[in-house]
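Encoded as structure tokens, the structure appears first; notes follow it.
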Amino acid sequence: MMIRIVWYKEALDFLKKLDNNISERIVKKIKDVRLNLERYVFSLVDMGVSKIRVGDYRLFVNYYQENEELVIHSIKHRKNAYKK
């Protein structure tokens with residue numbers, strides 16, 4: 001079964017603001033993640049979410065195994081990604 005992707009509005013808005021080549025890389029990475037979740041998703045213990053790295057950008061996500069659902073909360077540049 002294929003993993004369902006759910007985008008928060010904040011993540012979609014940020015994706016639309018990026019250059020086309022960067023946003024295409026992010027969408028392609030999400031397609032790859034659907035096929036091999038363990039390879040691309042890394043847990044961030046202190047933040048309570050997981051991350052996916054795409055170049056200089058970080059996607060903050062949660063994976064819900066019971067629903068086979070990957071929720072993308074936000075996308076941030078790596079220099080701002082871990083600031084509180």
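Ordering of the structure tokens sets the chain letters (A, B, ...), residue numbers begin anew at 1 in every chain, and ligands are numbered from 1 in the order given.
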### Query
Using only C-alpha atoms, which residues sit within 9 Å of range 22-34 of chain A once same-chain residues fewer than 2 positions away are excluded, as a list in words?
Met2, Ile3, Arg4, Ile5, Leu15, Lys16, Lys17, Leu18, Asp19, Asn20, Asn36, Leu37, Glu38, Arg39, Tyr40, Val41, Ile52, Arg53, Val54, Gly55, Tyr57, Leu59 and Leu70 of chain A
Include C-alpha atoms and write out the residues we just selected as a JSON list (two decimals), in the first residue's frame.
```json
[["chain", "number", "residue", "atom", "x", "y", "z"],
["A", 2, "MET", "CA", 1.19, 3.48, -0.88],
["A", 3, "ILE", "CA", 1.76, 6.05, 1.87],
["A", 4, "ARG", "CA", -0.70, 8.94, 1.75],
["A", 5, "ILE", "CA", 0.85, 12.42, 1.84],
["A", 15, "LEU", "CA", 6.82, 25.42, -1.38],
["A", 16, "LYS", "CA", 5.07, 27.83, -3.77],
["A", 17, "LYS", "CA", 7.49, 30.64, -2.83],
["A", 18, "LEU", "CA", 10.59, 28.59, -3.70],
["A", 19, "ASP", "CA", 12.27, 28.50, -7.10],
["A", 20, "ASN", "CA", 10.77, 25.92, -9.45],
["A", 36, "ASN", "CA", 11.35, 3.88, 1.06],
["A", 37, "LEU", "CA", 10.37, 5.69, 4.24],
["A", 38, "GLU", "CA", 13.15, 4.34, 6.45],
["A", 39, "ARG", "CA", 15.86, 5.67, 4.16],
["A", 40, "TYR", "CA", 14.79, 9.31, 4.13],
["A", 41, "VAL", "CA", 12.93, 10.09, 7.37],
["A", 52, "ILE", "CA", 13.48, 14.87, 5.56],
["A", 53, "ARG", "CA", 16.55, 16.54, 4.07],
["A", 54, "VAL", "CA", 16.38, 18.03, 0.59],
["A", 55, "GLY", "CA", 19.49, 20.06, -0.20],
["A", 57, "TYR", "CA", 15.88, 22.60, 3.11],
["A", 59, "LEU", "CA", 10.79, 19.11, 5.78],
["A", 70, "LEU", "CA", 2.92, 11.13, 6.15]]
```
### Task
Write out as a PyMOL selection string the residues lying within 10 Å of range 47-49 of chain A, counting only C-alpha atoms and excluding same-chain residues fewer than 5 positions away.
chain A and resi 41-42+59-63+72-73+82+84
### Task
Please provide as number ranges by chain all residues within 9 Å of Ser74 in chain A, with the sequence filter that same-chain residues fewer than 5 positions apart are discarded (counting only C-alpha atoms).
A: 7-12, 14, 58-61
Could those residues be written to a file, using N, CA and C atoms, as a PDB file, in the first residue's frame?
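New file again_27.pdb:
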```pdb
ATOM      1  N   TRP A   7      -0.326  17.570   3.218  1.00  0.00           N
ATOM      2  CA  TRP A   7       0.437  18.813   3.308  1.00  0.00           C
ATOM      3  C   TRP A   7      -0.320  19.824   4.159  1.00  0.00           C
ATOM      4  N   TYR A   8       0.332  20.399   5.153  1.00  0.00           N
ATOM      5  CA  TYR A   8      -0.236  21.534   5.871  1.00  0.00           C
ATOM      6  C   TYR A   8      -0.143  22.764   4.966  1.00  0.00           C
ATOM      7  N   LYS A   9      -1.022  23.707   5.180  1.00  0.00           N
ATOM      8  CA  LYS A   9      -1.064  24.923   4.368  1.00  0.00           C
ATOM      9  C   LYS A   9       0.264  25.682   4.446  1.00  0.00           C
ATOM     10  N   GLU A  10       0.863  25.741   5.635  1.00  0.00           N
ATOM     11  CA  GLU A  10       2.139  26.434   5.810  1.00  0.00           C
ATOM     12  C   GLU A  10       3.219  25.849   4.898  1.00  0.00           C
ATOM     13  N   ALA A  11       3.268  24.536   4.803  1.00  0.00           N
ATOM     14  CA  ALA A  11       4.267  23.865   3.966  1.00  0.00           C
ATOM     15  C   ALA A  11       4.006  24.138   2.485  1.00  0.00           C
ATOM     16  N   LEU A  12       2.748  24.078   2.069  1.00  0.00           N
ATOM     17  CA  LEU A  12       2.419  24.349   0.666  1.00  0.00           C
ATOM     18  C   LEU A  12       2.716  25.790   0.285  1.00  0.00           C
ATOM     19  N   PHE A  14       4.990  27.761   1.591  1.00  0.00           N
ATOM     20  CA  PHE A  14       6.437  27.904   1.486  1.00  0.00           C
ATOM     21  C   PHE A  14       6.948  27.269   0.196  1.00  0.00           C
ATOM     22  N   ARG A  58      14.753  21.571   4.986  1.00  0.00           N
ATOM     23  CA  ARG A  58      14.312  20.489   5.867  1.00  0.00           C
ATOM     24  C   ARG A  58      12.792  20.473   5.885  1.00  0.00           C
ATOM     25  N   LEU A  59      12.230  19.300   5.683  1.00  0.00           N
ATOM     26  CA  LEU A  59      10.788  19.115   5.783  1.00  0.00           C
ATOM     27  C   LEU A  59      10.520  18.463   7.130  1.00  0.00           C
ATOM     28  N   PHE A  60       9.652  19.070   7.918  1.00  0.00           N
ATOM     29  CA  PHE A  60       9.309  18.530   9.225  1.00  0.00           C
ATOM     30  C   PHE A  60       7.998  17.774   9.091  1.00  0.00           C
ATOM     31  N   VAL A  61       8.051  16.487   9.451  1.00  0.00           N
ATOM     32  CA  VAL A  61       6.937  15.577   9.170  1.00  0.00           C
ATOM     33  C   VAL A  61       6.628  14.697  10.370  1.00  0.00           C
TER      34      VAL A  61
END
```
### Query
Quick one: distance from CA of His77 in chain A to CA of Ser43 in chain A in Å, one decimal?
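A separation of 17.7 Å between them.
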### strand (DSSP E or B) residues, from DSSP on the backbone, in chain A, as a ChimeraX atom specification
/A:4-7,41-44,49-54,57-64,69-77
Store the residues picked out above in a file with N, CA and C atoms, as a PDB file, in the first residue's frame.
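To be explicit, this is the file written out as out.pdb:
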```pdb
ATOM      1  N   ARG A   4       0.051   7.733   2.101  1.00  0.00           N
ATOM      2  CA  ARG A   4      -0.703   8.941   1.747  1.00  0.00           C
ATOM      3  C   ARG A   4       0.045  10.156   2.278  1.00  0.00           C
ATOM      4  N   ILE A   5       0.143  11.204   1.462  1.00  0.00           N
ATOM      5  CA  ILE A   5       0.846  12.424   1.839  1.00  0.00           C
ATOM      6  C   ILE A   5      -0.179  13.509   2.151  1.00  0.00           C
ATOM      7  N   VAL A   6      -0.019  14.147   3.307  1.00  0.00           N
ATOM      8  CA  VAL A   6      -0.891  15.254   3.705  1.00  0.00           C
ATOM      9  C   VAL A   6      -0.008  16.482   3.913  1.00  0.00           C
ATOM     10  N   TRP A   7      -0.326  17.570   3.218  1.00  0.00           N
ATOM     11  CA  TRP A   7       0.437  18.813   3.308  1.00  0.00           C
ATOM     12  C   TRP A   7      -0.320  19.824   4.159  1.00  0.00           C
ATOM     13  N   VAL A  41      13.550   9.405   6.227  1.00  0.00           N
ATOM     14  CA  VAL A  41      12.934  10.088   7.369  1.00  0.00           C
ATOM     15  C   VAL A  41      13.750   9.819   8.628  1.00  0.00           C
ATOM     16  N   PHE A  42      14.173  10.913   9.290  1.00  0.00           N
ATOM     17  CA  PHE A  42      14.989  10.820  10.491  1.00  0.00           C
ATOM     18  C   PHE A  42      14.259  11.486  11.652  1.00  0.00           C
ATOM     19  N   SER A  43      14.202  10.798  12.770  1.00  0.00           N
ATOM     20  CA  SER A  43      13.487  11.292  13.943  1.00  0.00           C
ATOM     21  C   SER A  43      14.300  12.352  14.671  1.00  0.00           C
ATOM     22  N   LEU A  44      13.625  13.413  15.111  1.00  0.00           N
ATOM     23  CA  LEU A  44      14.221  14.447  15.938  1.00  0.00           C
ATOM     24  C   LEU A  44      13.596  14.333  17.325  1.00  0.00           C
ATOM     25  N   VAL A  49       9.141  15.533  16.177  1.00  0.00           N
ATOM     26  CA  VAL A  49       8.806  15.315  14.772  1.00  0.00           C
ATOM     27  C   VAL A  49       9.970  14.608  14.097  1.00  0.00           C
ATOM     28  N   SER A  50       9.810  14.353  12.823  1.00  0.00           N
ATOM     29  CA  SER A  50      10.888  13.786  12.016  1.00  0.00           C
ATOM     30  C   SER A  50      11.241  14.780  10.927  1.00  0.00           C
ATOM     31  N   LYS A  51      12.378  14.551  10.282  1.00  0.00           N
ATOM     32  CA  LYS A  51      12.794  15.461   9.218  1.00  0.00           C
ATOM     33  C   LYS A  51      13.145  14.675   7.967  1.00  0.00           C
ATOM     34  N   ILE A  52      13.020  15.360   6.847  1.00  0.00           N
ATOM     35  CA  ILE A  52      13.477  14.865   5.559  1.00  0.00           C
ATOM     36  C   ILE A  52      14.390  15.950   5.003  1.00  0.00           C
ATOM     37  N   ARG A  53      15.594  15.577   4.624  1.00  0.00           N
ATOM     38  CA  ARG A  53      16.552  16.538   4.074  1.00  0.00           C
ATOM     39  C   ARG A  53      16.429  16.587   2.569  1.00  0.00           C
ATOM     40  N   VAL A  54      16.356  17.812   2.033  1.00  0.00           N
ATOM     41  CA  VAL A  54      16.375  18.031   0.589  1.00  0.00           C
ATOM     42  C   VAL A  54      17.279  19.231   0.348  1.00  0.00           C
ATOM     43  N   TYR A  57      17.192  22.478   2.486  1.00  0.00           N
ATOM     44  CA  TYR A  57      15.875  22.595   3.112  1.00  0.00           C
ATOM     45  C   TYR A  57      15.564  21.358   3.942  1.00  0.00           C
ATOM     46  N   ARG A  58      14.753  21.571   4.986  1.00  0.00           N
ATOM     47  CA  ARG A  58      14.312  20.489   5.867  1.00  0.00           C
ATOM     48  C   ARG A  58      12.792  20.473   5.885  1.00  0.00           C
ATOM     49  N   LEU A  59      12.230  19.300   5.683  1.00  0.00           N
ATOM     50  CA  LEU A  59      10.788  19.115   5.783  1.00  0.00           C
ATOM     51  C   LEU A  59      10.520  18.463   7.130  1.00  0.00           C
ATOM     52  N   PHE A  60       9.652  19.070   7.918  1.00  0.00           N
ATOM     53  CA  PHE A  60       9.309  18.530   9.225  1.00  0.00           C
ATOM     54  C   PHE A  60       7.998  17.774   9.091  1.00  0.00           C
ATOM     55  N   VAL A  61       8.051  16.487   9.451  1.00  0.00           N
ATOM     56  CA  VAL A  61       6.937  15.577   9.170  1.00  0.00           C
ATOM     57  C   VAL A  61       6.628  14.697  10.370  1.00  0.00           C
ATOM     58  N   ASN A  62       5.460  14.099  10.339  1.00  0.00           N
ATOM     59  CA  ASN A  62       5.078  13.017  11.246  1.00  0.00           C
ATOM     60  C   ASN A  62       4.545  11.886  10.389  1.00  0.00           C
ATOM     61  N   TYR A  63       4.921  10.670  10.745  1.00  0.00           N
ATOM     62  CA  TYR A  63       4.411   9.491  10.041  1.00  0.00           C
ATOM     63  C   TYR A  63       3.487   8.735  10.975  1.00  0.00           C
ATOM     64  N   TYR A  64       2.275   8.477  10.509  1.00  0.00           N
ATOM     65  CA  TYR A  64       1.288   7.729  11.285  1.00  0.00           C
ATOM     66  C   TYR A  64       1.112   6.367  10.626  1.00  0.00           C
ATOM     67  N   GLU A  69       0.113   7.301   6.701  1.00  0.00           N
ATOM     68  CA  GLU A  69      -0.013   8.711   6.356  1.00  0.00           C
ATOM     69  C   GLU A  69       1.229   9.480   6.784  1.00  0.00           C
ATOM     70  N   LEU A  70       1.785  10.254   5.869  1.00  0.00           N
ATOM     71  CA  LEU A  70       2.916  11.126   6.154  1.00  0.00           C
ATOM     72  C   LEU A  70       2.405  12.557   6.102  1.00  0.00           C
ATOM     73  N   VAL A  71       2.481  13.251   7.233  1.00  0.00           N
ATOM     74  CA  VAL A  71       1.987  14.622   7.329  1.00  0.00           C
ATOM     75  C   VAL A  71       3.179  15.569   7.289  1.00  0.00           C
ATOM     76  N   ILE A  72       3.184  16.473   6.304  1.00  0.00           N
ATOM     77  CA  ILE A  72       4.260  17.451   6.157  1.00  0.00           C
ATOM     78  C   ILE A  72       3.797  18.744   6.812  1.00  0.00           C
ATOM     79  N   HIS A  73       4.429  19.092   7.940  1.00  0.00           N
ATOM     80  CA  HIS A  73       4.017  20.267   8.707  1.00  0.00           C
ATOM     81  C   HIS A  73       4.606  21.554   8.152  1.00  0.00           C
ATOM     82  N   SER A  74       5.903  21.529   7.881  1.00  0.00           N
ATOM     83  CA  SER A  74       6.556  22.756   7.426  1.00  0.00           C
ATOM     84  C   SER A  74       7.818  22.431   6.652  1.00  0.00           C
ATOM     85  N   ILE A  75       8.269  23.440   5.906  1.00  0.00           N
ATOM     86  CA  ILE A  75       9.525  23.375   5.169  1.00  0.00           C
ATOM     87  C   ILE A  75      10.314  24.603   5.580  1.00  0.00           C
ATOM     88  N   LYS A  76      11.591  24.398   5.936  1.00  0.00           N
ATOM     89  CA  LYS A  76      12.420  25.529   6.359  1.00  0.00           C
ATOM     90  C   LYS A  76      13.816  25.374   5.793  1.00  0.00           C
ATOM     91  N   HIS A  77      14.466  26.510   5.565  1.00  0.00           N
ATOM     92  CA  HIS A  77      15.868  26.487   5.185  1.00  0.00           C
ATOM     93  C   HIS A  77      16.669  25.998   6.384  1.00  0.00           C
TER      94      HIS A  77
END
```
### Query
Which parts of chain A does DSSP call helix (DSSP H, G or I) when run on the backbone here, written out as an MDAnalysis selection string?
chainID A and resid 9:17 20:35 37:40 78:81
Next, the residues of the selection above should be written as a compact mmCIF listing (two decimals), in the first residue's frame with N, CA and C atoms.
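So selection_16.txt came out as:
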```
# COMPACT_ATOMS: atom_id res chain seq x y z
N LYS A 9 -1.02 23.71 5.18
CA LYS A 9 -1.06 24.92 4.37
C LYS A 9 0.26 25.68 4.45
N GLU A 10 0.86 25.74 5.63
CA GLU A 10 2.14 26.43 5.81
C GLU A 10 3.22 25.85 4.90
N ALA A 11 3.27 24.54 4.80
CA ALA A 11 4.27 23.87 3.97
C ALA A 11 4.01 24.14 2.49
N LEU A 12 2.75 24.08 2.07
CA LEU A 12 2.42 24.35 0.67
C LEU A 12 2.72 25.79 0.29
N ASP A 13 2.40 26.73 1.17
CA ASP A 13 2.69 28.14 0.89
C ASP A 13 4.18 28.37 0.72
N PHE A 14 4.99 27.76 1.59
CA PHE A 14 6.44 27.90 1.49
C PHE A 14 6.95 27.27 0.20
N LEU A 15 6.41 26.12 -0.16
CA LEU A 15 6.82 25.42 -1.38
C LEU A 15 6.55 26.27 -2.61
N LYS A 16 5.42 26.97 -2.63
CA LYS A 16 5.07 27.83 -3.77
C LYS A 16 6.00 29.03 -3.90
N LYS A 17 6.59 29.48 -2.81
CA LYS A 17 7.49 30.64 -2.83
C LYS A 17 8.89 30.29 -3.32
N ASN A 20 11.37 27.13 -8.87
CA ASN A 20 10.77 25.92 -9.45
C ASN A 20 11.68 24.70 -9.32
N ASN A 21 12.98 24.88 -9.55
CA ASN A 21 13.87 23.71 -9.50
C ASN A 21 13.96 23.14 -8.08
N ILE A 22 13.93 24.00 -7.07
CA ILE A 22 13.98 23.52 -5.69
C ILE A 22 12.67 22.84 -5.32
N SER A 23 11.55 23.45 -5.68
CA SER A 23 10.25 22.84 -5.34
C SER A 23 10.07 21.51 -6.06
N GLU A 24 10.58 21.39 -7.29
CA GLU A 24 10.52 20.12 -8.01
C GLU A 24 11.36 19.05 -7.31
N ARG A 25 12.52 19.44 -6.77
CA ARG A 25 13.36 18.49 -6.03
C ARG A 25 12.65 17.99 -4.79
N ILE A 26 11.94 18.89 -4.11
CA ILE A 26 11.21 18.51 -2.90
C ILE A 26 10.09 17.54 -3.24
N VAL A 27 9.33 17.83 -4.28
CA VAL A 27 8.23 16.94 -4.68
C VAL A 27 8.77 15.58 -5.11
N LYS A 28 9.88 15.58 -5.84
CA LYS A 28 10.49 14.31 -6.26
C LYS A 28 10.96 13.51 -5.03
N LYS A 29 11.53 14.18 -4.05
CA LYS A 29 11.98 13.50 -2.83
C LYS A 29 10.80 12.87 -2.09
N ILE A 30 9.67 13.57 -2.05
CA ILE A 30 8.49 13.03 -1.39
C ILE A 30 8.03 11.76 -2.10
N LYS A 31 8.11 11.73 -3.42
CA LYS A 31 7.76 10.51 -4.16
C LYS A 31 8.70 9.37 -3.79
N ASP A 32 9.99 9.67 -3.63
CA ASP A 32 10.96 8.66 -3.21
C ASP A 32 10.68 8.17 -1.79
N VAL A 33 10.29 9.10 -0.92
CA VAL A 33 9.99 8.75 0.47
C VAL A 33 8.83 7.78 0.55
N ARG A 34 7.85 7.95 -0.31
CA ARG A 34 6.69 7.05 -0.31
C ARG A 34 7.09 5.60 -0.55
N LEU A 35 8.18 5.40 -1.29
CA LEU A 35 8.63 4.06 -1.62
C LEU A 35 9.60 3.48 -0.58
N LEU A 37 10.49 4.76 3.11
CA LEU A 37 10.37 5.69 4.24
C LEU A 37 11.58 5.66 5.16
N GLU A 38 12.06 4.48 5.49
CA GLU A 38 13.15 4.34 6.45
C GLU A 38 14.44 5.00 5.99
N ARG A 39 14.63 5.10 4.70
CA ARG A 39 15.86 5.67 4.16
C ARG A 39 15.92 7.19 4.30
N TYR A 40 14.80 7.85 4.22
CA TYR A 40 14.79 9.31 4.13
C TYR A 40 14.29 10.05 5.36
N ARG A 78 17.74 25.28 6.12
CA ARG A 78 18.47 24.64 7.22
C ARG A 78 19.04 25.64 8.22
N LYS A 79 19.33 26.87 7.79
CA LYS A 79 19.89 27.85 8.73
C LYS A 79 18.86 28.31 9.76
N ASN A 80 17.56 28.16 9.42
CA ASN A 80 16.49 28.56 10.33
C ASN A 80 15.71 27.38 10.88
N ALA A 81 16.04 26.20 10.45
CA ALA A 81 15.20 25.03 10.72
C ALA A 81 15.12 24.66 12.19
```
